[in-house]
$ cat structure.txt   # compact mmCIF, C-alpha atoms and all ligand atoms
# COMPACT_ATOMS: atom_id res chain seq x y z
CA MET P 274 93.64 127.52 64.29
CA SER P 275 90.30 128.92 65.22
CA TRP P 276 87.78 129.72 62.55
CA GLN P 277 84.53 131.58 62.98
CA PRO P 278 81.38 130.38 61.22
CA ASP P 279 79.98 132.76 58.62
CA TYR P 280 76.32 132.45 59.62
CA SER P 281 75.21 133.93 56.28
CA GLN P 282 76.74 130.92 54.49
CA ARG P 283 74.88 127.96 55.95
CA ILE P 284 75.31 124.62 54.19
CA PHE P 285 73.28 122.22 56.34
CA ARG P 286 71.42 122.41 59.59
CA GLN P 287 69.59 119.85 61.72
CA ARG P 288 67.85 120.48 65.00
CA ASN P 289 67.68 117.85 67.72
CA VAL P 290 70.16 115.43 66.21
CA ARG P 291 70.03 111.95 67.63
CA PRO P 292 73.47 110.36 67.31
CA ARG P 293 73.34 107.16 65.29
CA GLY P 294 74.64 103.90 66.62
CA VAL P 295 74.54 104.73 70.28
CA ALA P 296 71.09 103.32 70.99
CA ALA P 297 72.62 99.91 71.64
CA SER P 298 74.68 101.25 74.50
CA ALA P 299 73.82 101.52 78.15
CA PHE P 300 72.82 105.10 77.51
CA ASP P 301 69.86 104.43 75.32
CA LEU P 302 69.09 107.65 73.52
CA ARG P 303 65.39 107.33 72.90
CA ALA P 304 65.04 111.07 73.23
CA PRO P 305 64.12 113.08 70.17
CA GLY P 306 67.52 114.69 70.07
CA THR P 307 70.49 115.75 72.07
CA TYR P 308 72.00 118.70 70.19
CA ASN P 309 71.69 120.81 67.07
CA LEU P 310 74.26 120.69 64.27
CA GLY P 311 74.94 123.36 61.68
CA LEU P 312 77.62 123.38 59.01
CA TYR P 313 78.74 126.84 57.85
CA VAL P 314 81.45 128.17 55.60
CA ALA P 315 84.21 129.73 57.71
CA GLU P 316 84.57 133.50 57.69
CA GLY P 317 86.91 134.55 54.89
CA SER P 318 86.37 131.32 52.96
CA SER P 319 84.14 130.59 49.97
CA LEU P 320 82.33 127.55 48.64
CA HIS P 321 83.17 128.69 45.13
CA ALA P 322 86.92 128.53 45.65
CA ARG P 323 89.30 125.67 46.37
CA ASN P 324 90.09 124.29 49.81
CA THR P 325 86.95 125.68 51.37
CA ARG P 326 87.01 125.78 55.16
CA GLY P 327 83.91 124.87 57.12
CA VAL P 328 82.80 125.19 60.72
CA LEU P 329 80.50 122.60 62.28
CA VAL P 330 78.67 124.27 65.16
CA VAL P 331 77.51 121.85 67.86
CA HIS P 332 74.79 123.83 69.60
CA ILE P 333 73.70 122.30 72.88
CA VAL P 334 71.31 123.86 75.38
CA VAL P 335 71.77 122.79 79.01
CA SER P 336 69.46 123.82 81.88
CA PHE P 337 70.72 123.63 85.46
CA VAL P 338 68.75 122.93 88.63
CA PHE P 339 70.82 123.53 91.77
CA GLU P 340 69.73 121.47 94.78
CA ASN P 341 70.65 122.02 98.41
CA THR P 342 71.51 118.94 100.47
CA ARG P 343 72.28 118.22 104.10
CA PHE P 344 75.90 119.04 103.26
CA GLY P 345 75.03 122.63 102.59
CA ASP P 346 73.21 125.19 100.53
CA TRP P 347 74.29 126.80 97.32
CA LEU P 348 75.33 130.25 98.51
CA PRO P 349 74.92 133.38 96.40
CA GLY P 350 77.42 133.33 93.55
CA GLN P 351 78.31 129.64 93.85
CA SER P 352 75.88 128.36 91.24
CA GLU P 353 76.99 131.08 88.82
CA ALA P 354 80.60 130.06 89.47
CA PHE P 355 79.73 126.40 88.81
CA ILE P 356 78.17 127.25 85.44
CA HIS P 357 81.14 129.46 84.58
CA GLN P 358 83.57 126.60 85.31
CA TYR P 359 81.34 124.11 83.50
CA ARG P 360 81.36 126.22 80.34
CA ARG P 361 85.14 126.70 80.49
CA ILE P 362 85.82 122.98 81.01
CA ILE P 363 83.46 121.79 78.25
CA HIS P 364 84.82 124.26 75.77
CA ARG P 365 88.48 123.51 76.51
CA VAL P 366 88.06 119.74 76.55
CA TRP P 367 85.65 119.27 73.65
CA SER P 368 85.88 122.13 71.16
CA ASP P 369 88.22 122.25 68.15
CA LYS P 370 90.23 119.09 68.89
CA TYR P 371 90.58 117.60 65.40
CA PRO P 372 89.74 118.75 61.90
CA LEU P 373 87.21 116.78 59.86
CA THR P 374 88.79 116.21 56.47
CA THR P 375 87.91 114.75 53.09
CA ASP P 376 89.90 114.17 49.93
CA SER P 377 86.77 114.07 47.77
CA ARG P 378 87.21 115.89 44.46
CA PHE P 379 83.46 116.39 44.17
CA ILE P 380 83.21 119.20 46.72
CA SER P 381 85.44 122.18 47.47
CA MET P 382 85.05 121.95 51.26
CA ASP P 383 87.98 119.88 52.46
CA THR P 384 88.43 120.81 56.12
CA VAL P 385 85.83 121.38 58.84
CA GLN P 386 86.50 122.65 62.33
CA VAL P 387 84.21 121.47 65.13
CA SER P 388 83.06 124.24 67.45
CA VAL P 389 80.98 123.56 70.57
CA HIS P 390 78.44 126.31 71.22
CA LEU P 391 77.10 125.75 74.72
CA GLU P 392 74.01 127.58 75.92
CA THR P 393 73.44 127.41 79.69
CA ILE P 394 70.34 128.41 81.65
CA ASP P 395 69.80 128.35 85.43
CA VAL P 396 66.20 127.21 85.96
CA THR P 397 66.45 126.56 89.71
CA GLY P 398 63.11 127.16 91.42
CA GLN P 399 61.10 127.52 88.25
CA GLU P 400 58.01 125.41 88.78
CA GLU P 401 56.74 125.48 85.22
CA ARG P 402 59.72 124.79 83.02
CA ASP P 403 59.47 124.63 79.28
CA GLU P 404 61.79 121.71 78.58
CA SER P 405 61.05 121.72 74.86
CA THR P 406 63.70 124.40 74.34
CA THR P 407 66.34 122.49 76.33
CA HIS P 408 68.42 119.54 75.19
CA TRP P 409 69.56 118.52 78.65
CA THR P 410 68.56 119.25 82.23
CA LEU P 411 71.26 118.77 84.86
CA TRP P 412 70.48 118.54 88.56
CA VAL P 413 73.50 119.69 90.51
CA ARG P 414 73.62 118.74 94.19
CA LYS P 415 75.67 120.39 96.87
CA VAL P 416 77.96 117.74 98.39
CA ALA P 417 80.84 117.48 100.82
CA ASN P 418 82.87 115.13 98.62
CA TRP P 419 82.60 113.95 95.07
CA ALA P 420 79.70 111.50 95.01
CA GLY P 421 79.30 110.17 91.49
CA SER P 422 77.23 111.40 88.60
CA TRP P 423 75.26 110.02 85.67
CA THR P 424 73.73 111.01 82.38
CA ARG P 425 70.56 109.40 81.04
CA GLY P 426 69.94 109.74 77.36
CA SER P 427 66.41 108.36 77.46
CA SER P 428 65.16 111.37 79.38
CA ARG P 429 68.01 113.78 78.64
CA HIS P 430 68.65 114.33 82.32
CA GLY P 431 71.85 114.21 84.30
CA LEU P 432 72.85 114.28 87.94
CA SER P 433 76.00 116.12 88.94
CA ASP P 434 77.37 117.53 92.14
CA SER P 435 79.36 120.50 93.29
CA GLY P 436 82.61 118.50 93.10
CA ASP P 437 82.23 117.67 89.41
CA VAL P 438 84.17 120.71 88.22
CA GLN P 439 87.17 119.64 90.33
CA ALA P 440 89.70 117.06 89.16
CA ASN P 441 89.27 113.64 90.75
CA ARG P 442 91.28 110.44 90.57
CA PHE P 443 89.26 107.40 89.73
CA GLN P 444 92.00 104.79 89.98
CA PRO P 445 93.82 105.41 93.22
CA GLY P 446 96.83 103.20 93.70
CA THR P 447 97.37 102.17 90.09
CA PRO P 448 100.39 103.18 88.03
CA ASN P 449 98.09 104.83 85.51
CA GLN P 450 96.58 107.43 87.79
CA THR P 451 94.71 109.95 85.77
CA GLN P 452 92.57 112.89 86.74
CA GLN P 453 89.22 113.92 85.45
CA ARG P 454 86.64 116.60 86.01
CA ALA P 455 83.44 114.58 85.88
CA VAL P 456 81.49 117.13 83.85
CA ALA P 457 83.91 116.61 80.94
CA HIS P 458 83.16 112.86 80.94
CA GLU P 459 79.39 113.28 81.29
CA PHE P 460 79.37 115.70 78.36
CA GLY P 461 80.71 112.82 76.23
CA HIS P 462 77.59 110.85 77.14
CA MET P 463 75.48 113.87 76.19
CA LEU P 464 77.09 113.66 72.75
CA GLY P 465 76.12 109.96 72.64
CA LEU P 466 79.45 108.34 73.49
CA ARG P 467 79.97 105.22 75.55
CA ASP P 468 82.00 104.51 78.68
CA GLU P 469 85.43 103.04 78.04
CA TYR P 470 86.46 102.08 81.56
CA SER P 471 86.04 98.61 82.98
CA ASN P 472 83.74 97.58 85.77
CA SER P 473 84.98 96.99 89.30
CA THR P 474 86.24 93.49 88.44
CA GLY P 475 88.06 94.62 85.29
CA GLY P 476 85.36 93.41 82.90
CA VAL P 477 83.64 95.22 80.07
CA LEU P 478 81.12 97.76 81.26
CA ASP P 479 79.95 99.32 78.02
CA ASN P 480 82.63 99.42 75.30
CA PRO P 481 85.17 96.58 74.99
CA HIS P 482 87.77 98.46 72.94
CA HIS P 483 89.56 101.01 75.11
CA LEU P 484 89.73 99.61 78.62
CA ARG P 485 93.39 100.56 79.04
CA ASP P 486 93.26 103.97 77.38
CA PHE P 487 93.14 105.59 80.81
CA ASN P 488 93.80 109.09 79.50
CA SER P 489 90.65 109.04 77.38
CA VAL P 490 87.84 111.30 78.54
CA MET P 491 85.41 108.39 78.27
CA ASN P 492 87.77 106.37 80.46
CA THR P 493 89.35 108.06 83.49
CA GLY P 494 91.17 111.03 81.93
CA GLU P 495 90.27 114.08 79.91
CA ALA P 496 91.75 113.43 76.46
CA VAL P 497 89.31 113.58 73.54
CA ALA P 498 90.39 111.02 70.92
CA GLU P 499 89.71 111.00 67.19
CA ARG P 500 87.03 108.35 67.70
CA HIS P 501 85.02 110.74 69.88
CA TYR P 502 84.46 113.02 66.89
CA ALA P 503 83.28 110.17 64.64
CA PRO P 504 79.55 111.04 64.94
CA PHE P 505 80.29 114.57 63.70
CA ALA P 506 82.29 113.32 60.71
CA GLU P 507 79.51 110.89 59.87
CA TRP P 508 76.86 113.61 59.98
CA VAL P 509 78.88 115.86 57.65
CA SER P 510 79.46 112.93 55.27
CA LEU P 511 75.78 111.96 55.18
CA LYS P 512 74.63 115.53 54.59
CA TRP P 513 77.04 116.04 51.69
CA ARG P 514 76.03 112.67 50.21
CA SER P 515 72.42 113.89 49.99
CA THR P 516 73.41 116.71 47.61
CA ASP P 517 73.88 116.68 43.82
CA HIS P 518 77.65 116.65 44.42
CA GLY P 519 77.22 113.65 46.67
CA GLU P 520 75.12 111.80 44.11
CA ARG P 521 77.71 112.42 41.41
CA ALA P 522 80.41 111.13 43.74
CA GLN P 523 78.30 108.07 44.54
CA ALA P 524 77.71 107.41 40.84
CA ALA P 525 81.47 107.55 40.28
CA GLY P 526 81.96 104.99 43.03
CA GLN P 527 83.66 107.51 45.32
CA PRO P 528 81.13 108.44 48.01
CA ILE P 529 82.01 111.54 50.00
CA LEU P 530 83.69 110.56 53.26
CA PHE P 531 84.85 112.88 56.01
CA ARG P 532 87.44 111.49 58.40
CA VAL P 533 88.61 112.74 61.79
CA ALA P 534 92.16 114.07 61.28
CA GLY P 535 92.42 111.60 58.42
CA ALA P 536 91.23 108.59 60.41
CA VAL P 537 87.99 106.64 60.62
CA ASP P 538 87.48 105.08 64.03
CA THR P 539 83.93 104.24 65.04
CA SER P 540 84.87 102.07 67.98
CA ASN P 541 83.22 104.33 70.51
CA ALA P 542 80.31 105.70 68.52
CA GLY P 543 79.37 102.23 67.26
CA LEU P 544 78.37 103.69 63.89
ZN ZN W 1 80.28 107.37 82.06

$ encode --input "structure.txt" --output "structure tokens" --more "lines below"
Ligand SMILES: [Zn+2]
Amino acid sequence: MSWQPDYSQRIFRQRNVRPRGVAASAFDLRAPGTYNLGLYVAEGSSLHARNTRGVLVVHIVVSFVFENTRFGDWLPGQSEAFIHQYRRIIHRVWSDKYPLTTDSRFISMDTVQVSVHLETIDVTGQEERDESTTHWTLWVRKVANWAGSWTRGSSRHGLSDSGDVQANRFQPGTPNQTQQRAVAHEFGHMLGLRDEYSNSTGGVLDNPHHLRDFNSVMNTGEAVAERHYAPFAEWVSLKWRSTDHGERAQAAGQPILFRVAGAVDTSNAGL
């Protein structure tokens, strides 16, 4: 399924959303916000009918600064190719993985598709950059081999390298070898999610719950799990609860709750 948002039928919108619950993690999101969220009725659907379909648009603006290193310069076309691959990877890994669903009888919208809308800007060489219009700024270094990358929520900056759009193995020699393109993992941090892999001695690094879920994108693979959409489901629930419908549901003792593919799992988001 792939639904398009009907932008003339906007239900809720919030700019610069700061994911709840993640401030206690290693990636302390003190920044004013990391993405915009907008809930729309899907094209061809109606709020005044039954089984209304919705589309939650996750709008995230990422600026890129390409840096030359002693390993080489970014040649003409290479930075454009990096952004092209980045967009393709993020969209394929993160968009439209699970429906957000509710069985509430107080609203007609029962299913919401999550759609990542990524806006990318190359700001290399621009001395005076207006960062107020950007959620994240990524420095991308030219390297010979993959060199490690990070994402820092407090300043909304990240460091990547030219190898981050290639698949790498992070557990050589183990029976659970998985591959990951690092940009897919770092994007999870940009959404406010925590690491799930263990530290070098097998201990808890950030999140104690999923140390052996090697396929997870927040571990060493690229699979997005239901729990990784929990912040989106929570936002949709909270917004609906603030409406008259939500207050009626609350009064009846049945607060509106959106789940991710029918499940509630906040073990990454820490909600
Ligand atoms: Zn990480």

$ residues_around --input "structure.txt" --residues "range 523-539 of chain P" --least-positions-apart "4" --cutoff "6 Å" --atoms "all atoms listed in the file" --output "list of chain:residue names"
P:Tyr371, P:Pro372, P:Leu373, P:Thr374, P:Thr375, P:Ser377, P:Glu499, P:Arg500, P:Ala503, P:Ala506, P:Ser510, P:Gly543, P:Leu544

$ closest_atom_pairs --input "structure.txt" --of "chain P" --to "ligand ZN 1 (chain W)" --cutoff "7 Å" --atoms "all atoms listed in the file" --output "CSV"
residue,atom,partner,partner_atom,distance
P:Trp423,CA,W:ZN1,ZN,6.7
P:His458,CA,W:ZN1,ZN,6.3
P:Glu459,CA,W:ZN1,ZN,6.0
P:His462,CA,W:ZN1,ZN,6.6
P:Arg467,CA,W:ZN1,ZN,6.9
P:Asp468,CA,W:ZN1,ZN,4.7
P:Met491,CA,W:ZN1,ZN,6.5

$ residues_around --input "structure.txt" --residues "Asp434 in chain P" --least-positions-apart "5" --cutoff "10 Å" --atoms "all atoms listed in the file" --output "list in words"
Phe339, Glu340, Phe355, Leu411, Trp412, Val413, Arg414, Lys415, Val416, Ala417, Asn418, Trp419, Ala420, Gly421, Ser422, Ala455 and Val456 of chain P

$ atom_distance --input "structure.txt" --atom1 "CA of Arg365 in chain P" --atom2 "CA of His482 in chain P"
25.3 Å

$ closest_residue --input "structure.txt" --among "P:Thr393, P:Ser281, P:Ser381, P:Asn441" --to "Ala322 in chain P" --atoms "only C-alpha atoms"
P:Ser381

$ closest_residue --input "structure.txt" --among "P:Gly436, P:Gly519, P:Gly350, P:Gly431" --to "Phe460 in chain P" --atoms "all atoms listed in the file"
P:Gly431

$ closest_residue --input "structure.txt" --among "P:Asn309, P:Gln386, P:Thr407, P:Gln277" --to "Arg429 in chain P" --atoms "only C-alpha atoms"
P:Thr407
